[in-house]
Structures are given as structure tokens and as C-alpha cells.
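What follows is the content of input_21.txt, which has compact mmCIF, C-alpha atoms and all ligand atoms:
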```txt
# COMPACT_ATOMS: atom_id res chain seq x y z
CA MET A 397 -24.89 56.58 -9.34
CA PRO A 398 -24.00 60.02 -10.66
CA ASN A 399 -20.63 59.95 -8.87
CA ARG A 400 -19.54 56.86 -10.69
CA LYS A 401 -20.67 58.25 -13.99
CA TYR A 402 -18.67 61.41 -13.34
CA TYR A 403 -15.64 59.42 -12.29
CA LEU A 404 -15.70 57.28 -15.42
CA ALA A 405 -16.07 60.30 -17.67
CA HIS A 406 -13.17 62.17 -16.06
CA ARG A 407 -11.03 59.27 -15.03
CA GLU A 408 -7.73 60.31 -16.59
CA GLU A 409 -8.05 63.83 -15.40
CA LEU A 410 -8.91 62.81 -11.85
CA LEU A 411 -6.08 60.29 -11.64
CA ALA A 412 -3.57 62.90 -12.78
CA LYS A 413 -4.90 65.34 -10.21
CA ASP A 414 -4.63 62.73 -7.52
CA LYS A 415 -1.07 61.94 -8.49
CA VAL A 416 -0.08 65.60 -8.15
CA ARG A 417 -1.82 65.86 -4.81
CA ARG A 418 -0.09 62.74 -3.53
CA LYS A 419 3.26 64.14 -4.58
CA ARG A 420 2.61 67.36 -2.75
CA HIS A 421 1.22 65.71 0.35
CA PRO A 422 2.70 62.19 0.59
CA PRO A 423 0.27 59.95 2.46
CA ASP A 424 1.18 59.09 6.03
CA ARG A 425 1.42 55.29 5.80
CA GLU A 426 1.66 54.83 9.54
CA LYS A 427 -1.44 56.89 10.10
CA GLN A 428 -3.27 54.92 7.43
CA LYS A 429 -2.24 51.69 9.04
CA ARG A 430 -3.43 52.87 12.46
CA ARG A 431 -6.73 53.99 11.00
CA ASN A 432 -7.22 50.69 9.19
CA ARG A 433 -6.32 48.77 12.29
CA ALA A 434 -8.78 50.80 14.42
CA TRP A 435 -11.51 50.22 11.85
CA TYR A 436 -10.76 46.52 11.92
CA GLU A 437 -10.88 46.41 15.74
CA ARG A 438 -14.25 48.15 15.74
CA ASN A 439 -15.67 45.81 13.11
CA ARG A 440 -13.92 42.60 14.04
CA ASP A 441 -16.95 40.75 15.35
CA ARG A 442 -19.09 41.77 12.42
CA LEU A 443 -16.37 40.67 9.95
CA ARG A 444 -15.95 37.35 11.68
CA GLU A 445 -19.66 36.80 11.56
CA LEU A 446 -19.65 37.63 7.85
CA SER A 447 -16.80 35.27 7.08
CA ARG A 448 -18.65 32.41 8.73
CA THR A 449 -21.63 32.43 6.38
CA PRO A 450 -21.77 29.51 3.95
CA GLU A 451 -21.54 31.90 1.01
CA ALA A 452 -18.35 33.45 2.36
CA LYS A 453 -16.86 30.03 2.97
CA GLU A 454 -17.73 28.94 -0.54
CA ARG A 455 -16.21 32.15 -1.93
CA LYS A 456 -13.04 31.50 0.01
CA ARG A 457 -12.88 27.92 -1.21
CA GLN A 458 -13.31 29.01 -4.81
CA LYS A 459 -10.65 31.66 -4.38
CA SER A 460 -8.06 29.30 -2.97
CA LYS A 461 -8.94 26.72 -5.59
CA LEU A 462 -8.32 29.28 -8.33
CA TYR A 463 -5.08 30.32 -6.68
CA ARG A 464 -3.96 26.71 -6.49
CA GLN A 465 -4.77 26.13 -10.14
CA ARG A 466 -2.79 29.19 -11.15
CA HIS A 467 0.22 28.29 -8.98
CA LEU A 468 0.04 24.53 -9.21
CA GLY A 469 3.77 23.89 -9.59
CA GLU A 470 4.80 26.04 -6.63
CA GLU A 471 1.97 24.75 -4.48
CA ARG A 472 2.89 21.13 -5.11
CA ALA A 473 6.55 21.83 -4.34
CA ARG A 474 5.55 23.59 -1.12
CA ASP A 475 3.27 20.73 -0.08
CA ARG A 476 6.00 18.21 -0.75
CA ALA A 477 8.58 20.23 1.16
CA ARG A 478 6.49 20.52 4.28
CA TYR A 479 4.91 17.06 4.09
CA PRO A 480 7.45 15.26 6.31
CA ASP A 481 6.68 17.62 9.21
CA ARG A 482 2.97 17.49 8.67
CA LYS A 483 2.69 13.81 7.86
CA GLU A 484 1.19 12.75 11.17
CA VAL A 485 -1.24 15.64 11.29
CA ALA A 486 -2.26 15.18 7.67
CA PHE A 487 -2.80 11.47 8.14
CA ALA A 488 -4.79 11.95 11.35
CA ARG A 489 -6.97 14.51 9.62
CA PHE A 490 -7.51 12.19 6.69
CA LYS A 491 -8.41 9.30 8.98
CA GLU A 492 -10.89 11.43 10.88
CA ARG A 493 -12.49 12.57 7.63
CA TYR A 494 -12.55 9.02 6.30
CA ARG A 495 -14.26 7.84 9.48
CA SER A 496 -16.84 10.57 9.94
CA GLU A 497 -17.56 12.58 6.79
CA PRO A 498 -20.58 11.16 4.98
CA GLY A 499 -19.76 9.90 1.50
CA TYR A 500 -16.04 10.57 1.84
CA ARG A 501 -15.10 6.96 2.48
CA GLU A 502 -17.09 5.75 -0.54
CA ARG A 503 -15.51 8.39 -2.75
CA ILE A 504 -11.99 7.52 -1.65
CA ASN A 505 -12.57 3.80 -2.02
CA ALA A 506 -14.07 4.23 -5.49
CA ASP A 507 -11.14 6.40 -6.55
CA THR A 508 -8.63 3.91 -5.20
CA ALA A 509 -10.37 0.98 -6.89
CA ALA A 510 -10.47 2.83 -10.21
CA TYR A 511 -6.80 3.72 -9.93
CA GLN A 512 -5.86 0.17 -9.08
CA ARG A 513 -7.89 -1.18 -12.00
CA GLU A 514 -5.99 1.12 -14.32
CA HIS A 515 -2.57 0.30 -12.82
CA LYS A 516 -2.72 -3.40 -12.09
CA ASP A 517 1.01 -3.95 -12.48
CA LEU A 518 1.77 -1.09 -10.10
CA LYS A 519 -0.57 -2.51 -7.51
CA LYS A 520 1.30 -5.79 -7.59
CA LYS A 521 4.67 -4.11 -7.28
CA TRP A 522 3.66 -1.64 -4.61
CA GLY A 523 1.70 -4.26 -2.74
CA LYS A 524 4.79 -6.37 -2.44
CA LYS A 525 7.00 -3.43 -1.57
CA TYR A 526 4.51 -2.29 1.05
CA TYR A 527 4.19 -5.78 2.43
CA ASP A 528 7.95 -6.24 2.65
CA SER A 529 8.41 -3.02 4.58
CA HIS A 530 5.44 -3.61 6.90
CA ARG A 531 5.72 -7.34 7.30
CA ASP A 532 5.14 -7.49 11.06
CA ARG A 533 2.36 -4.96 11.05
CA GLU A 534 0.67 -6.67 8.12
CA SER A 535 0.77 -10.11 9.64
CA GLN A 536 -0.52 -8.62 12.88
CA ARG A 537 -3.32 -6.94 10.94
CA LYS A 538 -4.21 -10.18 9.19
CA LYS A 539 -4.25 -12.12 12.43
CA GLU A 540 -6.50 -9.48 13.96
CA ALA A 541 -8.83 -9.56 10.94
CA TYR A 542 -8.95 -13.35 11.15
CA ARG A 543 -9.79 -13.26 14.87
CA LYS A 544 -12.68 -10.87 14.21
CA ASN A 545 -14.05 -12.64 11.15
CA PRO A 546 -12.80 -16.20 10.82
CA GLU A 547 -15.70 -17.30 8.62
CA VAL A 548 -14.74 -14.82 5.88
CA PHE A 549 -11.30 -16.36 5.74
CA SER A 550 -12.43 -19.96 5.85
CA ALA A 551 -14.92 -19.24 3.06
CA ARG A 552 -12.12 -17.78 0.98
CA VAL A 553 -9.93 -20.81 1.62
CA ARG A 554 -12.81 -23.15 0.77
CA ARG A 555 -13.43 -21.34 -2.53
CA TYR A 556 -9.75 -21.59 -3.40
CA ARG A 557 -9.58 -25.26 -2.45
CA GLU A 558 -12.61 -26.08 -4.59
CA SER A 559 -11.26 -24.16 -7.56
CA ASP A 560 -8.00 -26.14 -7.72
CA PRO A 561 -7.87 -29.06 -5.25
CA GLU A 562 -4.63 -30.63 -6.48
CA ARG A 563 -2.76 -27.40 -6.35
CA CYS A 564 -4.06 -26.86 -2.83
CA VAL A 565 -2.80 -30.20 -1.56
CA GLU A 566 0.57 -29.36 -3.05
CA LEU A 567 0.47 -25.91 -1.48
CA TYR A 568 -0.32 -27.24 2.00
CA ARG A 569 2.51 -29.75 1.74
CA LYS A 570 4.85 -27.02 0.69
CA ILE A 571 3.77 -24.74 3.54
CA GLY A 572 4.32 -27.57 6.03
CA ASP A 573 7.65 -28.36 4.48
CA LEU A 574 8.87 -24.76 4.65
CA ARG A 575 7.63 -24.47 8.23
CA ARG A 576 9.64 -27.55 9.22
CA THR A 577 12.60 -26.08 7.36
CA ARG A 578 12.42 -22.95 9.46
CA GLU A 579 11.81 -24.86 12.67
CA ARG A 580 14.95 -26.89 12.12
CA GLY A 581 16.96 -23.76 11.49
CA ALA A 582 17.66 -24.87 7.91
CA VAL A 583 17.99 -22.50 4.95
CA GLY A 584 16.37 -22.39 1.51
CA TRP A 585 13.01 -22.20 -0.18
CA TYR A 586 11.48 -23.12 -3.51
CA THR A 587 8.50 -22.31 -5.67
CA ARG A 588 5.93 -24.81 -6.87
CA ALA A 589 7.25 -24.33 -10.43
CA GLN A 590 10.79 -25.21 -9.32
CA TRP A 591 9.60 -28.33 -7.53
CA MET A 592 7.50 -29.45 -10.50
CA ALA A 593 10.52 -28.91 -12.74
CA ARG A 594 12.51 -31.25 -10.48
CA VAL A 595 9.76 -33.89 -10.69
CA SER A 596 9.65 -33.62 -14.48
CA PHE A 597 13.43 -33.79 -14.67
CA TYR A 598 13.31 -37.19 -12.91
CA GLY A 599 10.54 -38.32 -15.27
CA TRP A 600 7.80 -38.51 -12.60
CA LYS A 601 9.58 -41.52 -11.10
CA CYS A 602 10.83 -42.23 -7.58
CA TYR A 603 14.45 -41.12 -7.39
CA TYR A 604 15.35 -44.29 -5.43
CA CYS A 605 13.22 -47.17 -6.78
CA ARG A 606 12.13 -45.71 -10.15
CA VAL A 607 8.47 -46.49 -9.53
CA ALA A 608 6.11 -44.19 -11.51
CA LEU A 609 4.52 -41.41 -9.48
CA THR A 610 1.35 -39.31 -9.74
CA LEU A 611 0.46 -36.08 -7.99
CA LYS A 612 -1.28 -38.24 -5.35
CA THR A 613 1.61 -40.62 -4.66
CA LEU A 614 4.39 -38.09 -5.07
CA THR A 615 6.35 -37.08 -1.96
CA ARG A 616 9.22 -34.72 -1.51
CA ASP A 617 12.46 -36.12 -0.25
CA HIS A 618 15.41 -34.09 1.00
CA ARG A 619 18.56 -35.82 -0.26
CA ILE A 620 20.36 -34.54 2.81
CA PRO A 621 17.64 -34.41 5.50
CA LEU A 622 16.91 -31.08 7.16
CA SER A 623 17.79 -32.71 10.48
CA ARG A 624 21.26 -33.48 9.12
CA GLY A 625 21.97 -29.95 7.92
CA GLY A 626 20.32 -30.19 4.49
CA SER A 627 18.61 -27.19 2.90
CA ALA A 628 15.27 -26.59 1.28
CA TRP A 629 16.84 -25.35 -1.94
CA PRO A 630 15.44 -27.10 -5.03
CA SER A 631 18.75 -28.88 -5.65
CA ASN A 632 18.30 -30.81 -2.38
CA LEU A 633 14.82 -32.02 -3.38
CA VAL A 634 13.99 -35.20 -5.27
CA PRO A 635 10.68 -36.94 -5.98
CA ALA A 636 10.22 -40.14 -4.00
CA CYS A 637 7.51 -42.70 -3.38
CA LYS A 638 6.05 -42.86 0.09
CA LYS A 639 7.66 -46.21 0.86
CA CYS A 640 11.18 -45.06 0.02
CA ASN A 641 10.71 -41.74 1.75
CA CYS A 642 9.57 -43.43 4.97
CA SER A 643 12.25 -46.11 5.00
CA LYS A 644 14.95 -43.58 4.19
CA HIS A 645 13.91 -41.67 7.33
CA THR A 646 16.86 -39.53 8.49
CA ARG A 647 19.49 -41.16 6.30
CA THR A 648 21.27 -39.20 3.62
CA GLU A 649 20.87 -40.12 -0.03
CA ARG A 650 24.24 -41.91 -0.01
CA GLU A 651 23.52 -43.87 3.19
CA PHE A 652 20.12 -44.93 1.89
CA LEU A 653 21.48 -46.10 -1.50
CA GLN A 654 24.21 -48.09 0.27
CA LEU A 655 21.60 -49.70 2.52
CA LYS A 656 19.43 -50.59 -0.49
CA ALA A 657 22.44 -52.07 -2.34
CA ALA A 658 23.34 -54.19 0.70
CA ALA A 659 19.80 -55.51 1.05
ZN ZN A 701 10.61 -45.40 -4.20
```

Turn this file's structure into C-alpha cells for me.
Amino acid sequence: MPNRKYYLAHREELLAKDKVRRKRHPPDREKQKRRNRAWYERNRDRLRELSRTPEAKERKRQKSKLYRQRHLGEERARDRARYPDRKEVAFARFKERYRSEPGYRERINADTAAYQREHKDLKKKWGKKYYDSHRDRESQRKKEAYRKNPEVFSARVRRYRESDPERCVELYRKIGDLRRTRERGAVGWYTRAQWMARVSFYGWKCYYCRVALTLKTLTRDHRIPLSRGGSAWPSNLVPACKKCNCSKHTRTEREFLQLKAAA
């Protein structure tokens, strides 16, 4: 290319000349714009065709990637600022991609799993926070999942039951107890640890007849029954043998002790 060679050899000189010429005859910007526009109109289809080739798309992707890397701070701020408006759209697009793009789902799931492995404590915290703020939706989701695949759930329960049978019995009793608490409009709840602490405190003996108890014979008595306005707070719970618990029935602790003293 002789022209290029000439240009490179005389670059300074040519640029100076050009500068002078521009000063003398300032370029007509409007005319330039019109000319560019006309050229674009004439070549629009061809340009569009060109920009659709895979190479062009790849070039564009690389370019915007580079731009993003160079302006990461600003770009992030911009994304964050416009996220609330675009949330729905962004989520819909993500869902569509997750559903249909080959390999995308696997990649996302692997990334998520890796992240969760690295941040176990966060997962626990966020899981709870998420659950608390989506309680209805989550329980709906779980019910739906159970309806579709009950055997998965029962297998999971079976595994858990086999791994720690005693704890399971205790857990079921507690669930039933808390359900009855709610049904009777009573307040309060307790953890297994709190209940076990109560049992230990009373020396694994029936609160009323002092007979020794085991995990199998242990029952939970409400000193003031739920039906009489008692709560399910740990302070209202005492260990009792089955016999005492049944004969106490809906009496309060005081009424039952008086009855026993009279007998
Ligand atoms: Zn007893």
C-alpha cells in the first residue's frame, strides 16, 4: 500500500496541513451528518446482515465484556440503581434461560451448591430469613411438592426415624402437643432441649408421685392444662408418669395435689 507508506513517512507534515485547511474551511458538521445518515440508510440492510454473523456477535460480546471490566464500579452501581424497575423482567428472563438453555441449569446449580458449601453459616441464616418472609408460599410449595412426590418425603422421614428413633418419638409428641396448643388458642412453645432440661431438673421422676421415668414412660404434663388457660411455655411443663397424667385429666396442679392428699 504505497499510500499508507507515504502517509506514515509524512504524517506530521500532512496533519499540520490538514489542520490549516480545516481552519480555513471549517467542516460543515450538518452536511457531514446528513451524508453519514444517507450512507447508513443505503447500507442499512447490509450492515444489519453483517452484525448478525456469529463473529460479529462474538466481537460485540467481547467488547462489552471489556467495557464492563474497565468500568466495573459504575456498571454495578447502574445495575443496582435500575434493578428495582427491572426485577420482574430480569427474573423472567433468568427463569426462561434456566428452563430452556442447555447446560445453564446445571451450571447455575453447581455454582449455587459450591457457594453454599463455602458459606454454610450464611445458608442457615438466609434460609431462615427467607423462610420467615415467605412462610405461606414456602408451606404451599412444600405441600405441592409432597402431593407430587409423596414417596420421596416418606423415604426421608423413614431415614430420619431409623437414624434416631427415640428422638423421633419425642419429636412427634412435641409436634402433637404444639398443635393442640394452637388449636386451644393457648400461647407458648418450647424446644426439645428446654423440655429435657425440665425433666433433668426434676430428676427423671414423676412430678406428682416421684416414680422414676425413662424416655419410654415419660409424659408431658401441663401444670395448668391448656384447656384451663395454661400455656406451652417450659415453666408450665413437668414430667409425669402416664398414670398421674391420665388421672389428673383437666385438673390444675393444685387441684390434683389436693385430691391426692385427700385420697
Ligand atoms: Zn406419677

task = Calculate how many Å separate atom CA of A:Arg650 from atom CA of A:Gly625, rounding to one decimal.
result =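 It comes out at 14.5 Å.
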
Spatial neighbours of stretch 564-580 of chain A, 10 Å, all atoms listed in the file, chain gap at least 2 places, as number ranges by chain = A: 553, 556-562, 582-588, 591, 611-612, 614-616, 621-628

inquiry  = Report, in Å with one decimal, the straight-line distance from atom CA of A:Asp617 to atom CA of A:Gln590.
reply    =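 Distance between the two atoms: 14.3 Å.
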
request  = Could you pull out the residues sitting within 12 Å of ligand ZN 701 (chain A), using only C-alpha atoms and all ligand atoms, and write them as a count of residues only?
outcome  = 29

request  = Report the distance between atom CA of A:Thr449 and atom CA of A:Arg493 in Å, rounded to one decimal place.
outcome  =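 About the pair atom CA of A:Thr449 and atom CA of A:Arg493: they are 21.9 Å apart.
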
Might I get the box with edges along x, y and z of the file that holds all atoms of stretch 412-431 of chain A listed there, padded by 6 Å on every side, given as centre and edge lengths in Å to one decimal, as JSON?
```
{"center_x": -1.7, "center_y": 59.5, "center_z": -0.2, "size_x": 22.0, "size_y": 27.7, "size_z": 37.2}
```

Some atoms are absent from stretch 464-479 of chain A, so rebuild N, CA and C atoms and return them as a PDB file, in the coordinates of the input.
```
ATOM      1  N   ARG A 464      -4.705  27.971  -6.380  1.00  0.00           N
ATOM      2  CA  ARG A 464      -3.960  26.710  -6.490  1.00  0.00           C
ATOM      3  C   ARG A 464      -3.779  26.323  -7.942  1.00  0.00           C
ATOM      4  N   GLN A 465      -4.865  26.481  -8.720  1.00  0.00           N
ATOM      5  CA  GLN A 465      -4.770  26.130 -10.140  1.00  0.00           C
ATOM      6  C   GLN A 465      -3.726  26.980 -10.845  1.00  0.00           C
ATOM      7  N   ARG A 466      -3.703  28.280 -10.476  1.00  0.00           N
ATOM      8  CA  ARG A 466      -2.790  29.190 -11.150  1.00  0.00           C
ATOM      9  C   ARG A 466      -1.337  28.949 -10.727  1.00  0.00           C
ATOM     10  N   HIS A 467      -1.151  28.463  -9.488  1.00  0.00           N
ATOM     11  CA  HIS A 467       0.220  28.290  -8.980  1.00  0.00           C
ATOM     12  C   HIS A 467       0.505  26.833  -8.681  1.00  0.00           C
ATOM     13  N   LEU A 468       0.023  25.949  -9.546  1.00  0.00           N
ATOM     14  CA  LEU A 468       0.040  24.530  -9.210  1.00  0.00           C
ATOM     15  C   LEU A 468       1.452  24.010  -8.909  1.00  0.00           C
ATOM     16  N   GLY A 469       2.402  24.374  -9.769  1.00  0.00           N
ATOM     17  CA  GLY A 469       3.770  23.890  -9.590  1.00  0.00           C
ATOM     18  C   GLY A 469       4.332  24.256  -8.231  1.00  0.00           C
ATOM     19  N   GLU A 470       4.251  25.559  -7.906  1.00  0.00           N
ATOM     20  CA  GLU A 470       4.800  26.040  -6.630  1.00  0.00           C
ATOM     21  C   GLU A 470       4.094  25.373  -5.464  1.00  0.00           C
ATOM     22  N   GLU A 471       2.754  25.279  -5.587  1.00  0.00           N
ATOM     23  CA  GLU A 471       1.970  24.750  -4.480  1.00  0.00           C
ATOM     24  C   GLU A 471       2.357  23.306  -4.194  1.00  0.00           C
ATOM     25  N   ARG A 472       2.513  22.534  -5.280  1.00  0.00           N
ATOM     26  CA  ARG A 472       2.890  21.130  -5.110  1.00  0.00           C
ATOM     27  C   ARG A 472       4.238  21.026  -4.433  1.00  0.00           C
ATOM     28  N   ALA A 473       5.197  21.852  -4.904  1.00  0.00           N
ATOM     29  CA  ALA A 473       6.550  21.830  -4.340  1.00  0.00           C
ATOM     30  C   ALA A 473       6.493  22.164  -2.851  1.00  0.00           C
ATOM     31  N   ARG A 474       5.666  23.163  -2.507  1.00  0.00           N
ATOM     32  CA  ARG A 474       5.550  23.590  -1.120  1.00  0.00           C
ATOM     33  C   ARG A 474       4.966  22.453  -0.279  1.00  0.00           C
ATOM     34  N   ASP A 475       3.896  21.831  -0.810  1.00  0.00           N
ATOM     35  CA  ASP A 475       3.270  20.730  -0.080  1.00  0.00           C
ATOM     36  C   ASP A 475       4.271  19.612   0.185  1.00  0.00           C
ATOM     37  N   ARG A 476       5.031  19.301  -0.876  1.00  0.00           N
ATOM     38  CA  ARG A 476       6.000  18.210  -0.750  1.00  0.00           C
ATOM     39  C   ARG A 476       7.048  18.550   0.292  1.00  0.00           C
ATOM     40  N   ALA A 477       7.503  19.825   0.247  1.00  0.00           N
ATOM     41  CA  ALA A 477       8.580  20.230   1.160  1.00  0.00           C
ATOM     42  C   ALA A 477       8.135  20.141   2.608  1.00  0.00           C
ATOM     43  N   ARG A 478       6.877  20.500   2.873  1.00  0.00           N
ATOM     44  CA  ARG A 478       6.490  20.520   4.280  1.00  0.00           C
ATOM     45  C   ARG A 478       5.786  19.234   4.705  1.00  0.00           C
ATOM     46  N   TYR A 479       5.630  18.290   3.754  1.00  0.00           N
ATOM     47  CA  TYR A 479       4.910  17.060   4.090  1.00  0.00           C
ATOM     48  C   TYR A 479       5.538  16.273   5.228  1.00  0.00           C
TER      49      TYR A 479
END
```
